[in-house]
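The structure under discussion appears below in the form of structure tokens.
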Amino acid sequence: MASRKEINQYKRKIKEIAGRSTIIPGIHNYCDRWCERCAFVSRCTVGISEFEIEGPDLDMKNEAFWKHMSMVFQATYEMIAESAQEMGINLSESSIEYEQPVHHESTAEKTAKSYGLRLLKWLEKNEELFVQKTEVFSMTNEEQLVTFKDAIEVIQWYSLFISVKIHRATLTPYAFDDEETDRYDNNGSAKIAMIAISRSLEAFAFLYNHLHELEDDVLGFLADLSKVQRMMKRKFPDAMNFKRPGFDD
Ligand code: SF4
């Protein structure tokens, strides 16, 4: 259990970060969460928190990690309750009944999820081959070494991210939600999913030309991603016009 001092310190720090004049509100909602590579890290509350607030490494088996997460949840809940109170809403006395939205997993989401899980296993299974390839590139072609490593990192980073964002994009809104806001959010989530698909396709295109041993596997992944991309374009024809705060301003 986190101490009151820890919770208050965390809340103070988050409020201080959020109050900085350079912060772009909402930028973290439609990004790819790759903070290490993000050009806007110094203008994003989530990005700054990642680097300025110390916490244990992400390790599901580590008790300290869960203790930290519990403190973060507690502090976040308190900040939401405080904001609600400022608006005259007492969350503990709220009588609103929440209806669990029904989510029908679309074919795009199912395909993306199965693609992501298969890809993670494939990356693990072929780790040794990738190390060997890296060594060969490091002796023969520095530029290709960088592109190869980058391609592997890209497909890994977006492996499960794509299905998560499709899930959010296809969530049925709550009956009492504002329809326009929901459509806005759906399109934003669809756009970042589509960006992740395009980047993964580019990475696989490079791998297709440089991983002849695994050509068939790579083709399979390319086919899956292309299928998901087609479905998303059909379902969200306006998604690419969505303006992501910061990134598309
Ligand atoms: S906007 Fe950039 S810094 Fe902020 S959460 Fe997204 S990737 Fe990280």
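Residues in the structure tokens are named by chain (A, B, ... in the order shown) and by number from 1 within that chain; ligands are numbered from 1 in the order shown.
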
TODO: Could you please extract the residues within 7 Å of ligand 1, counting only C-alpha atoms and all ligand atoms, and hand them back as a list in words?
DONE: Ile27, His28, Cys31, Asp32, Arg33, Trp34, Cys35, Cys38, Ala39, Phe40, Val41, Cys44, Thr45, Val46, Gly47 and Ile48 of chain A

Closest atom pairs, segment 2-40 of chain A residues within 9 Å of segment 53-68 of chain A, only C-alpha atoms, as a Markdown table:
| residue | atom | partner | partner_atom | distance |
| --- | --- | --- | --- | --- |
| A:Ala2 | CA | A:Lys67 | CA | 6.9 |
| A:Tyr10 | CA | A:Ile53 | CA | 8.1 |
| A:Lys13 | CA | A:Ile53 | CA | 8.0 |
| A:Ile14 | CA | A:Ile53 | CA | 8.9 |

Next, dump the selected residues to file, keeping only C-alpha atoms, as a PDB file, in the first residue's frame.
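What follows is the written file selection_39.pdb:
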ATOM      1  CA  ALA A   2       1.375   3.367  -1.041  1.00  0.00           C
ATOM      2  CA  TYR A  10       2.908  12.080  -7.363  1.00  0.00           C
ATOM      3  CA  LYS A  13       4.279  16.416  -9.859  1.00  0.00           C
ATOM      4  CA  ILE A  14       1.566  15.505 -12.389  1.00  0.00           C
TER       5      ILE A  14
END

Task: Residue contacts of Asp216 of chain A (12 Å, only C-alpha atoms) excluding same-chain residues fewer than 6 positions away, as a VMD selection string - done: chain A and resid 204 207 to 209 222 to 223

Write the residues of the selection above to a file with N, CA and C atoms, as a short mmCIF file (atom, residue, chain, number, x, y, z; two decimals), in the first residue's frame.
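Output file out-v1.cif is given in full below:
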data_model
loop_
_atom_site.label_atom_id
_atom_site.label_comp_id
_atom_site.auth_asym_id
_atom_site.auth_seq_id
_atom_site.Cartn_x
_atom_site.Cartn_y
_atom_site.Cartn_z
N PHE A 204 8.28 -4.64 -43.19
CA PHE A 204 8.25 -5.99 -43.75
C PHE A 204 8.75 -6.00 -45.20
N LEU A 207 12.33 -6.30 -44.96
CA LEU A 207 12.72 -7.64 -44.51
C LEU A 207 12.53 -8.67 -45.63
N TYR A 208 11.50 -8.47 -46.43
CA TYR A 208 11.24 -9.41 -47.53
C TYR A 208 12.47 -9.48 -48.46
N ASN A 209 13.11 -8.35 -48.67
CA ASN A 209 14.28 -8.33 -49.56
C ASN A 209 15.57 -8.76 -48.88
N LEU A 222 2.75 -9.88 -44.40
CA LEU A 222 2.37 -8.80 -45.32
C LEU A 222 0.92 -8.95 -45.77
N ALA A 223 0.53 -10.19 -46.04
CA ALA A 223 -0.84 -10.45 -46.49
C ALA A 223 -1.84 -10.09 -45.40
#

TODO: Can you work out the spacing between atom CA of Val154 of chain A and atom CA of Met231 of chain A in Å, to one decimal?
DONE: 21.6 Å

- [ ] Name the residues in contact with His104 of chain A at a cut-off of 9 Å, using only C-alpha atoms, excluding same-chain residues fewer than 4 positions from it; report them as an MDAnalysis selection string.
- [x] chainID A and resid 170:172

Open item on the list: At a cut-off of 12 Å, using only C-alpha atoms, what residues contact Gln74 of chain A? Leave out same-chain residues fewer than 3 positions from it and give the result as a ChimeraX atom specification.
Closed with: /A:1-4,6-8,10-11,67-71,77-81

Write the residues you've just listed into a file as an mmCIF file, in the first residue's frame, and include N, CA and C atoms for each of them.
data_model
loop_
_atom_site.group_PDB
_atom_site.id
_atom_site.type_symbol
_atom_site.label_atom_id
_atom_site.label_comp_id
_atom_site.auth_asym_id
_atom_site.auth_seq_id
_atom_site.Cartn_x
_atom_site.Cartn_y
_atom_site.Cartn_z
ATOM 1 N N MET A 1 0.847 -1.201 0.000
ATOM 2 C CA MET A 1 0.000 0.000 0.000
ATOM 3 C C MET A 1 0.883 1.253 0.000
ATOM 4 N N ALA A 2 0.554 2.153 -0.928
ATOM 5 C CA ALA A 2 1.375 3.367 -1.041
ATOM 6 C C ALA A 2 1.074 4.325 0.106
ATOM 7 N N SER A 3 2.089 5.067 0.516
ATOM 8 C CA SER A 3 1.869 6.005 1.620
ATOM 9 C C SER A 3 1.197 7.275 1.091
ATOM 10 N N ARG A 4 0.534 8.003 2.001
ATOM 11 C CA ARG A 4 -0.124 9.265 1.638
ATOM 12 C C ARG A 4 0.905 10.241 1.054
ATOM 13 N N GLU A 6 3.645 9.564 -0.644
ATOM 14 C CA GLU A 6 3.973 9.189 -2.026
ATOM 15 C C GLU A 6 2.870 9.639 -2.989
ATOM 16 N N ILE A 7 1.611 9.380 -2.586
ATOM 17 C CA ILE A 7 0.476 9.729 -3.452
ATOM 18 C C ILE A 7 0.424 11.236 -3.674
ATOM 19 N N ASN A 8 0.600 11.990 -2.600
ATOM 20 C CA ASN A 8 0.537 13.449 -2.729
ATOM 21 C C ASN A 8 1.683 14.002 -3.574
ATOM 22 N N TYR A 10 3.195 12.434 -5.976
ATOM 23 C CA TYR A 10 2.908 12.080 -7.363
ATOM 24 C C TYR A 10 1.884 13.065 -7.947
ATOM 25 N N LYS A 11 0.829 13.340 -7.181
ATOM 26 C CA LYS A 11 -0.213 14.246 -7.660
ATOM 27 C C LYS A 11 0.355 15.648 -7.927
ATOM 28 N N LYS A 67 3.238 -2.250 -6.916
ATOM 29 C CA LYS A 67 3.020 -1.293 -5.834
ATOM 30 C C LYS A 67 2.987 0.127 -6.419
ATOM 31 N N HIS A 68 3.914 0.353 -7.337
ATOM 32 C CA HIS A 68 3.967 1.672 -7.982
ATOM 33 C C HIS A 68 2.679 1.925 -8.774
ATOM 34 N N MET A 69 2.239 0.888 -9.528
ATOM 35 C CA MET A 69 1.026 1.043 -10.336
ATOM 36 C C MET A 69 -0.193 1.332 -9.455
ATOM 37 N N SER A 70 -0.236 0.647 -8.310
ATOM 38 C CA SER A 70 -1.362 0.857 -7.408
ATOM 39 C C SER A 70 -1.366 2.309 -6.902
ATOM 40 N N MET A 71 -0.165 2.836 -6.627
ATOM 41 C CA MET A 71 -0.062 4.232 -6.175
ATOM 42 C C MET A 71 -0.537 5.174 -7.303
ATOM 43 N N TYR A 77 -7.168 8.320 -9.511
ATOM 44 C CA TYR A 77 -8.578 8.335 -9.095
ATOM 45 C C TYR A 77 -8.860 9.585 -8.262
ATOM 46 N N GLU A 78 -7.939 9.883 -7.359
ATOM 47 C CA GLU A 78 -8.153 11.058 -6.497
ATOM 48 C C GLU A 78 -8.207 12.341 -7.316
ATOM 49 N N MET A 79 -7.339 12.438 -8.333
ATOM 50 C CA MET A 79 -7.329 13.662 -9.149
ATOM 51 C C MET A 79 -8.629 13.787 -9.946
ATOM 52 N N ILE A 80 -9.146 12.644 -10.427
ATOM 53 C CA ILE A 80 -10.428 12.676 -11.166
ATOM 54 C C ILE A 80 -11.546 13.107 -10.212
ATOM 55 N N ALA A 81 -11.541 12.524 -9.007
ATOM 56 C CA ALA A 81 -12.582 12.851 -8.019
ATOM 57 C C ALA A 81 -12.517 14.336 -7.657
#

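Closest approach to Tyr184 of chain A from the set A:Phe236, A:Phe242, A:Phe206, A:Phe137 is made by A:Phe242, with distances taken over only C-alpha atoms.
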
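Residue neighbourhood of Ala196 of chain A, excluding near-sequence residues (fewer than 2 positions): Asp32, Tyr158, Phe161, Ile162, Ile192, Ala193, Met194, Ser198, Arg199 and Ser200 of chain A, at 8 Å, using only C-alpha atoms.
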
Next, dump the selected residues to file, keeping only N, CA and C atoms, as a PDB file, in the first residue's frame.
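See result-v6.pdb below for the written result:
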ATOM      1  N   ASP A  32       1.663   6.848 -30.906  1.00  0.00           N
ATOM      2  CA  ASP A  32       1.958   5.407 -30.906  1.00  0.00           C
ATOM      3  C   ASP A  32       2.640   4.951 -29.610  1.00  0.00           C
ATOM      4  N   TYR A 158       4.808  -2.417 -32.960  1.00  0.00           N
ATOM      5  CA  TYR A 158       3.411  -2.315 -33.381  1.00  0.00           C
ATOM      6  C   TYR A 158       2.672  -3.653 -33.395  1.00  0.00           C
ATOM      7  N   PHE A 161      -0.019  -3.421 -30.762  1.00  0.00           N
ATOM      8  CA  PHE A 161      -0.565  -2.054 -30.748  1.00  0.00           C
ATOM      9  C   PHE A 161      -1.703  -1.908 -31.768  1.00  0.00           C
ATOM     10  N   ILE A 162      -1.522  -2.508 -32.941  1.00  0.00           N
ATOM     11  CA  ILE A 162      -2.515  -2.353 -34.017  1.00  0.00           C
ATOM     12  C   ILE A 162      -3.890  -2.870 -33.568  1.00  0.00           C
ATOM     13  N   ILE A 192      -4.297   6.192 -36.046  1.00  0.00           N
ATOM     14  CA  ILE A 192      -2.999   5.744 -35.529  1.00  0.00           C
ATOM     15  C   ILE A 192      -2.803   4.243 -35.799  1.00  0.00           C
ATOM     16  N   ALA A 193      -3.906   3.493 -35.818  1.00  0.00           N
ATOM     17  CA  ALA A 193      -3.786   2.062 -36.180  1.00  0.00           C
ATOM     18  C   ALA A 193      -3.311   1.952 -37.626  1.00  0.00           C
ATOM     19  N   MET A 194      -3.873   2.797 -38.501  1.00  0.00           N
ATOM     20  CA  MET A 194      -3.498   2.735 -39.917  1.00  0.00           C
ATOM     21  C   MET A 194      -2.055   3.201 -40.139  1.00  0.00           C
ATOM     22  N   SER A 198       0.895   0.930 -41.818  1.00  0.00           N
ATOM     23  CA  SER A 198       1.759   1.373 -42.927  1.00  0.00           C
ATOM     24  C   SER A 198       3.233   1.231 -42.564  1.00  0.00           C
ATOM     25  N   ARG A 199       3.580   1.639 -41.345  1.00  0.00           N
ATOM     26  CA  ARG A 199       4.999   1.542 -40.943  1.00  0.00           C
ATOM     27  C   ARG A 199       5.439   0.081 -40.880  1.00  0.00           C
ATOM     28  N   SER A 200       4.540  -0.781 -40.397  1.00  0.00           N
ATOM     29  CA  SER A 200       4.884  -2.208 -40.316  1.00  0.00           C
ATOM     30  C   SER A 200       5.023  -2.792 -41.724  1.00  0.00           C
TER      31      SER A 200
END

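From atom CA of Ala190 of chain A back to atom CA of Asp249 of chain A, the distance works out to 17.9 Å.
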
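The space separating atom CA of Glu109 of chain A from atom CA of Ile166 of chain A comes to 5.8 Å.
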
Task: Proximity to Ile195 of chain A - best of A:Thr22, A:Thr107, A:Gln144, A:Gln229, only C-alpha atoms - done: A:Gln229
